[in-house]
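Enquirer: First the structure, which I've put down as C-alpha cells, then a few questions once you've had a look.
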Amino acid sequence: MRYIEKFNLPFTFEPPTSWWQWTLFALAGLLGAFIFRITISFDLNSFLRDRRQQGITQLQNACTHLLIENLGEGALRVTNCFFSPSGTTAFYCSRCQVFSFSPERDYSGREEYYTKHIDEYLKAEKKFSHTA
Ligand SMILES: [Zn+2]
C-alpha cells in the first residue's frame with residue numbers, strides 16, 4: 001500500500017470487501033490458471049506433426065493413383081500406381097503412399113473415368129503437383 005502511495009499511481013489496490021467482489025476475484029484467478037494451462041500444454045511438436053499429417057492426407061486426396069500417358073494418335077497408356085510389396089497383401093500407391101487392401105474395390109472406375117475425361121485428369125494432376 002505504501003509503495004503505491006509513494007509513486008502516486010493512478011490506481012490503488014483495495015482488497016475486496018463484498019461477497020461479489022470475492023467471487024469476481026476467484027473467477028478471474030480461475031480464468032488465469034486456465035489460460036496458463038492451455039499455454040503450457042500447447043506442444044509445438046505435436047502441432048507440426050498434425051500439420052504434416054494434414055498435408056499427407058491432402059496429397060492422398062488429390063492423387064488420382066493413375067498415370068496416363070499420351071502416346072500420340074489418340075492412344076493412351078494407363079498405369080495403375082498401386083503396387084503390392086512382396087510378402088504383403090496390401091497395396092500402396094507409388095506416388096502418394098495411400099494404403100489399400102483392394103484398390104480395385106476402393107478406387108474402382110478411375111481408369112474408365114479419367115480416360116474418358118482427360119481434362120479432369122489433367123486438372124487433378126495439376127492440383128496434385130500443387131499440393132506436393
Ligand atoms: Zn496415389
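FYI, nothing fancy with the C-alpha cells labels: chains A, B, ... in order, residues from 1 per chain, ligands from 1 as they appear.
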Skipping near chain neighbours, those fewer than 5 positions away, what residues fall within 10 Å of Val78 in chain A using only C-alpha atoms, listed as a compact mmCIF listing (two decimals) with C-alpha atoms, in the first residue's frame?
Expert:
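Saved to part03.txt:
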# COMPACT_ATOMS: atom_id res chain seq x y z
CA LEU A 66 -3.07 -43.31 -62.02
CA LEU A 67 -0.53 -42.41 -64.63
CA ILE A 68 -1.98 -41.58 -68.02
CA GLU A 69 0.50 -41.00 -70.81
CA ASN A 70 -0.34 -39.70 -74.23
CA GLU A 111 -9.27 -45.64 -65.19
CA GLU A 112 -12.51 -45.51 -67.18
CA TYR A 114 -10.15 -40.41 -66.30
CA THR A 115 -9.54 -41.83 -69.78
Enquirer: Residues near range 125-130 of chain A, anyone? I mean within 7 Å using only C-alpha atoms, not counting same-chain ones fewer than 2 positions away, as a PyMOL selection string.
Expert: chain A and resi 59+62-63+121-123+132
Enquirer: Selected residues, N, CA and C atoms, written as a PDB file, in the first residue's frame, please.
Expert:
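To be explicit, this is the file written out as out33.pdb:
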ATOM      1  N   LEU A  59      -2.587 -34.568 -49.920  1.00  0.00           N
ATOM      2  CA  LEU A  59      -1.894 -35.117 -51.085  1.00  0.00           C
ATOM      3  C   LEU A  59      -2.583 -36.390 -51.560  1.00  0.00           C
ATOM      4  N   ALA A  62      -5.737 -35.680 -53.300  1.00  0.00           N
ATOM      5  CA  ALA A  62      -5.571 -35.070 -54.617  1.00  0.00           C
ATOM      6  C   ALA A  62      -5.028 -36.064 -55.636  1.00  0.00           C
ATOM      7  N   CYS A  63      -4.446 -37.160 -55.157  1.00  0.00           N
ATOM      8  CA  CYS A  63      -3.802 -38.110 -56.070  1.00  0.00           C
ATOM      9  C   CYS A  63      -4.858 -38.909 -56.835  1.00  0.00           C
ATOM     10  N   TYR A 121      -8.548 -35.368 -65.580  1.00  0.00           N
ATOM     11  CA  TYR A 121      -7.297 -35.966 -65.126  1.00  0.00           C
ATOM     12  C   TYR A 121      -6.193 -34.911 -65.057  1.00  0.00           C
ATOM     13  N   LEU A 122      -6.103 -34.089 -66.094  1.00  0.00           N
ATOM     14  CA  LEU A 122      -5.068 -33.052 -66.121  1.00  0.00           C
ATOM     15  C   LEU A 122      -5.277 -32.055 -64.981  1.00  0.00           C
ATOM     16  N   LYS A 123      -6.558 -31.743 -64.720  1.00  0.00           N
ATOM     17  CA  LYS A 123      -6.874 -30.824 -63.628  1.00  0.00           C
ATOM     18  C   LYS A 123      -6.433 -31.423 -62.293  1.00  0.00           C
ATOM     19  N   ALA A 132       1.767 -31.213 -53.728  1.00  0.00           N
ATOM     20  CA  ALA A 132       3.018 -31.902 -53.372  1.00  0.00           C
ATOM     21  C   ALA A 132       4.119 -30.906 -52.972  1.00  0.00           C
TER      22      ALA A 132
END
Enquirer: Could you list, as a PyMOL selection string, all the residues within 12 Å of ligand 1, counting only C-alpha atoms and all ligand atoms?
Expert: chain A and resi 56-67+79-83+91-100+103+107+110+124-125+128-129+132
Enquirer: CA of Arg52 in chain A and CA of Phe101 in chain A, how far apart in Å?
Expert: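 Taking CA of Phe101 in chain A as the start and CA of Arg52 in chain A as the end point, the length is 24.1 Å.
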Enquirer: Going by DSSP on the backbone, which bits of range 8-92 of chain A are strand (DSSP E)? Write them as a list of chain:residue names, please.
Expert: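 For range 8-92 of chain A, the strand (DSSP E) set is A:Leu66, A:Leu67, A:Ile68, A:Glu69, A:Asn70, A:Leu71, A:Gly72, A:Ala75, A:Leu76, A:Arg77, A:Val78, A:Thr79, A:Asn80, A:Phe82, A:Phe83, A:Phe91, A:Tyr92.
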Enquirer: Please save C-alpha atoms of the selected residues as a JSON list (two decimals), in the first residue's frame.
Expert:
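Here's the written file out_24.json:
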[["chain", "number", "residue", "atom", "x", "y", "z"],
["A", 66, "LEU", "CA", -3.07, -43.31, -62.02],
["A", 67, "LEU", "CA", -0.53, -42.41, -64.63],
["A", 68, "ILE", "CA", -1.98, -41.58, -68.02],
["A", 69, "GLU", "CA", 0.50, -41.00, -70.81],
["A", 70, "ASN", "CA", -0.34, -39.70, -74.23],
["A", 71, "LEU", "CA", 1.27, -41.99, -76.82],
["A", 72, "GLY", "CA", 0.02, -39.90, -79.71],
["A", 75, "ALA", "CA", -3.56, -43.68, -77.83],
["A", 76, "LEU", "CA", -3.21, -43.54, -74.08],
["A", 77, "ARG", "CA", -1.20, -45.68, -71.76],
["A", 78, "VAL", "CA", -2.81, -46.03, -68.35],
["A", 79, "THR", "CA", -0.66, -47.23, -65.49],
["A", 80, "ASN", "CA", -2.13, -48.03, -62.12],
["A", 82, "PHE", "CA", -0.83, -49.33, -56.88],
["A", 83, "PHE", "CA", 1.77, -51.93, -56.13],
["A", 91, "PHE", "CA", -1.30, -52.25, -51.85],
["A", 92, "TYR", "CA", 0.34, -48.85, -51.82]]
Enquirer: Run DSSP on the backbone of this structure and report the residues of chain A it assigns to helix (DSSP H, G or I), as a ChimeraX atom specification.
Expert: /A:2-7,19-41,44-62,103-106,110-116,118-131
Enquirer: What is the CA of Ile40 in chain A to CA of Trp22 in chain A distance in Å?
Expert: 27.2 Å
